[in-house]
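**Q** Have a look at this one before I ask anything.
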Amino acid sequence: MVPALAVSPATKGMRFSNLALLGFMGCGKTTIGQRVARKIGWRFVDSDELIERKTGLAISEIFSRFGEEYFRLLETRILLELSQETRVVLATGGGLPTREENWVILQEHFLTIFLRVSFPILFERLQRSTNRPLLKKYSSFSELGALYESRIPYYSKAHVIIDADFLTEDEVAEEIICRARSCGVLV
């Protein structure tokens with residue numbers, strides 16, 4: 001089966017100097033983003049890891065001590081900082097695209113790429129995860145599925161959508177590079 005690849009007409013004539021990988025937790029943003037950055041010689045940044053480094057707190061601790069809304073504000077600050085840089089491959093937190101102010105920044109400074117993975121596959125992957133704070137709040141298949149469905153409209157605004165269900169990490173990385181070239185981000 002050939003994966004569906006979509007490129008938004010909105011990318012025509014736009015010049016982006018960064019890439020942002022979007023998608024639900026467990027879709028592979030960090031692993032694949034690292035591969036893409038290594039292959040194209042750009043800097044890789046995981047927004048969650050950068051927040052942890054800057055605050056000295058684990059994401060789970062930020063959630064428990066200060067709440068999700070505070071964490072989302074930190075994401076926006078990090079995104080603003082990164083928007084001033086060039087040649088960055090950013091793995092966003094799964095909820096980062098749900099804030100409208102983040103979308104304004106993403107659409108202006110990043111070629112956005114949604115790594116679309118079906119929920120049953122993600123749920124299976126997440127069952128092996130121990131360090132995701134939202135899994136404490138959304139622990140059942142139906143609760144997590146509802147969160148996933150609520151985020152799809154945000155992710156679907158991406159400039160590029162890659163159906164990654166049946167692709168290897170290397171194949172997804174190569175598709176990202178190919179789409180970035182076709183959009184003029186990489187020459």
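Chain labels run A, B, ... following the order of the structure tokens; each chain numbers its residues from 1, and ligands are numbered from 1 in the order shown.
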Write out as JSON, numbers by chain each polymer residue whose atoms come within 7 Å of region 149-155 of chain A, counting only C-alpha atoms; drop sequence neighbours fewer than 3 positions from it.
**A** {"A": [22, 23, 97, 98, 114, 145, 146, 158]}
**Q** Report as JSON, numbers by chain all protein, DNA and RNA residues lying within 9 Å of region 76-85 of chain A, evaluated on only C-alpha atoms, omitting residues in the same chain fewer than 5 positions from it.
**A** {"A": [17, 18, 45, 47, 50, 51, 71, 90, 92, 96, 99, 101, 102, 105, 106, 108, 109, 110]}
**Q** Could you tell me how far CA of Ile113 (chain A) lies from CA of Leu21 (chain A), in Å and to one decimal?
**A**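 It comes out at 4.9 Å.
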**Q** I'd like the contact shell of Ile40 (chain A) - 10 Å cut-off, only C-alpha atoms, skipping same-chain residues fewer than 2 positions apart - returned as a compact mmCIF listing (two decimals) with C-alpha atoms, in the first residue's frame.
**A**
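Saved result, out-v2.txt, follows:
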```txt
# COMPACT_ATOMS: atom_id res chain seq x y z
CA ARG A 35 17.21 11.01 11.86
CA VAL A 36 16.08 13.84 9.60
CA ALA A 37 18.32 16.38 11.37
CA ARG A 38 21.32 14.05 11.14
CA TRP A 42 20.43 20.61 10.91
CA ARG A 43 20.00 21.00 14.66
CA ARG A 87 17.91 25.10 10.27
CA VAL A 89 14.13 20.21 13.06
CA ILE A 177 13.31 15.16 3.36
CA LEU A 186 16.01 22.06 1.26
```
**Q** As an MDAnalysis selection string, which residues of region 13-167 of chain A does DSSP assign to alpha helix (DSSP H)?
**A** chainID A and resid 29:40 47:55 59:66 68:83 100:109 119:126 134:137 141:155
**Q** Could you please determine the separation between CA of Arg116 (chain A) and CA of Lys157 (chain A) in Å, to one decimal place?
**A**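 So the answer is 12.0 Å.
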**Q** From region 2-187 of chain A, collect each residue whose DSSP state is strand (DSSP E) and return the set as a PyMOL selection string.
**A** chain A and resi 5-7+18-22+43-46+88-91+111-116+160-163
**Q** Pull N, CA and C atoms from the residues just selected and write them as a short mmCIF file (atom, residue, chain, number, x, y, z; two decimals), in the first residue's frame.
**A**
```
data_model
loop_
_atom_site.label_atom_id
_atom_site.label_comp_id
_atom_site.auth_asym_id
_atom_site.auth_seq_id
_atom_site.Cartn_x
_atom_site.Cartn_y
_atom_site.Cartn_z
N LEU A 5 0.32 10.95 0.70
CA LEU A 5 1.18 12.09 1.00
C LEU A 5 0.47 13.34 0.51
N ALA A 6 0.30 14.27 1.38
CA ALA A 6 -0.37 15.50 0.99
C ALA A 6 0.56 16.67 1.22
N VAL A 7 0.54 17.61 0.31
CA VAL A 7 1.26 18.86 0.48
C VAL A 7 0.27 19.97 0.28
N ASN A 18 12.86 26.21 8.87
CA ASN A 18 12.81 25.18 9.90
C ASN A 18 11.75 24.15 9.55
N LEU A 19 11.86 22.98 10.17
CA LEU A 19 10.86 21.93 10.04
C LEU A 19 10.26 21.66 11.41
N ALA A 20 8.96 21.41 11.48
CA ALA A 20 8.31 21.04 12.74
C ALA A 20 7.50 19.77 12.50
N LEU A 21 7.79 18.75 13.30
CA LEU A 21 7.06 17.49 13.21
C LEU A 21 5.93 17.51 14.23
N LEU A 22 4.74 17.21 13.75
CA LEU A 22 3.53 17.23 14.58
C LEU A 22 2.93 15.84 14.62
N ARG A 43 20.10 21.21 13.22
CA ARG A 43 20.00 21.00 14.66
C ARG A 43 18.65 20.36 14.99
N PHE A 44 18.66 19.37 15.85
CA PHE A 44 17.42 18.74 16.31
C PHE A 44 17.05 19.27 17.68
N VAL A 45 15.75 19.60 17.86
CA VAL A 45 15.24 20.04 19.16
C VAL A 45 13.93 19.32 19.43
N ASP A 46 13.83 18.73 20.61
CA ASP A 46 12.57 18.17 21.09
C ASP A 46 12.03 19.19 22.08
N VAL A 88 16.44 24.28 12.01
CA VAL A 88 16.02 23.50 13.18
C VAL A 88 14.98 22.47 12.73
N VAL A 89 15.16 21.24 13.18
CA VAL A 89 14.13 20.21 13.06
C VAL A 89 13.53 20.08 14.46
N LEU A 90 12.28 20.45 14.59
CA LEU A 90 11.61 20.48 15.89
C LEU A 90 10.62 19.33 16.01
N ALA A 91 10.75 18.56 17.08
CA ALA A 91 9.73 17.57 17.45
C ALA A 91 8.86 18.26 18.48
N LEU A 111 8.06 24.65 8.23
CA LEU A 111 7.30 23.75 7.37
C LEU A 111 6.76 22.69 8.32
N THR A 112 5.45 22.61 8.47
CA THR A 112 4.84 21.70 9.43
C THR A 112 4.51 20.37 8.77
N ILE A 113 4.86 19.29 9.45
CA ILE A 113 4.69 17.94 8.92
C ILE A 113 3.98 17.08 9.95
N PHE A 114 2.80 16.62 9.61
CA PHE A 114 2.00 15.77 10.49
C PHE A 114 2.34 14.31 10.20
N LEU A 115 2.85 13.62 11.21
CA LEU A 115 3.12 12.18 11.11
C LEU A 115 1.85 11.47 11.57
N ARG A 116 1.03 11.11 10.60
CA ARG A 116 -0.28 10.52 10.90
C ARG A 116 -0.13 9.01 11.11
N VAL A 160 2.26 19.53 5.36
CA VAL A 160 2.51 18.20 4.79
C VAL A 160 1.93 17.16 5.74
N ILE A 161 1.28 16.15 5.17
CA ILE A 161 0.77 15.03 5.97
C ILE A 161 1.36 13.74 5.42
N ILE A 162 1.95 12.96 6.31
CA ILE A 162 2.53 11.67 5.92
C ILE A 162 1.82 10.57 6.71
N ASP A 163 1.20 9.64 5.99
CA ASP A 163 0.59 8.48 6.64
C ASP A 163 1.71 7.50 6.95
#
```
**Q** Using only C-alpha atoms, pick whichever of A:Leu122, A:Tyr148, A:Gly95, A:Glu52 has the shortest atom-to-atom distance to Glu68 (chain A).
**A**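 Among the listed residues, the smallest separation from Glu68 (chain A) belongs to A:Gly95.
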**Q** Restricting the calculation to only C-alpha atoms: of A:Glu100, A:Met25, A:Gly184, A:Leu147, which residue gets closest to Leu73 (chain A)?
**A**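 Using only C-alpha atoms, Leu73 (chain A) sits closest to A:Glu100.
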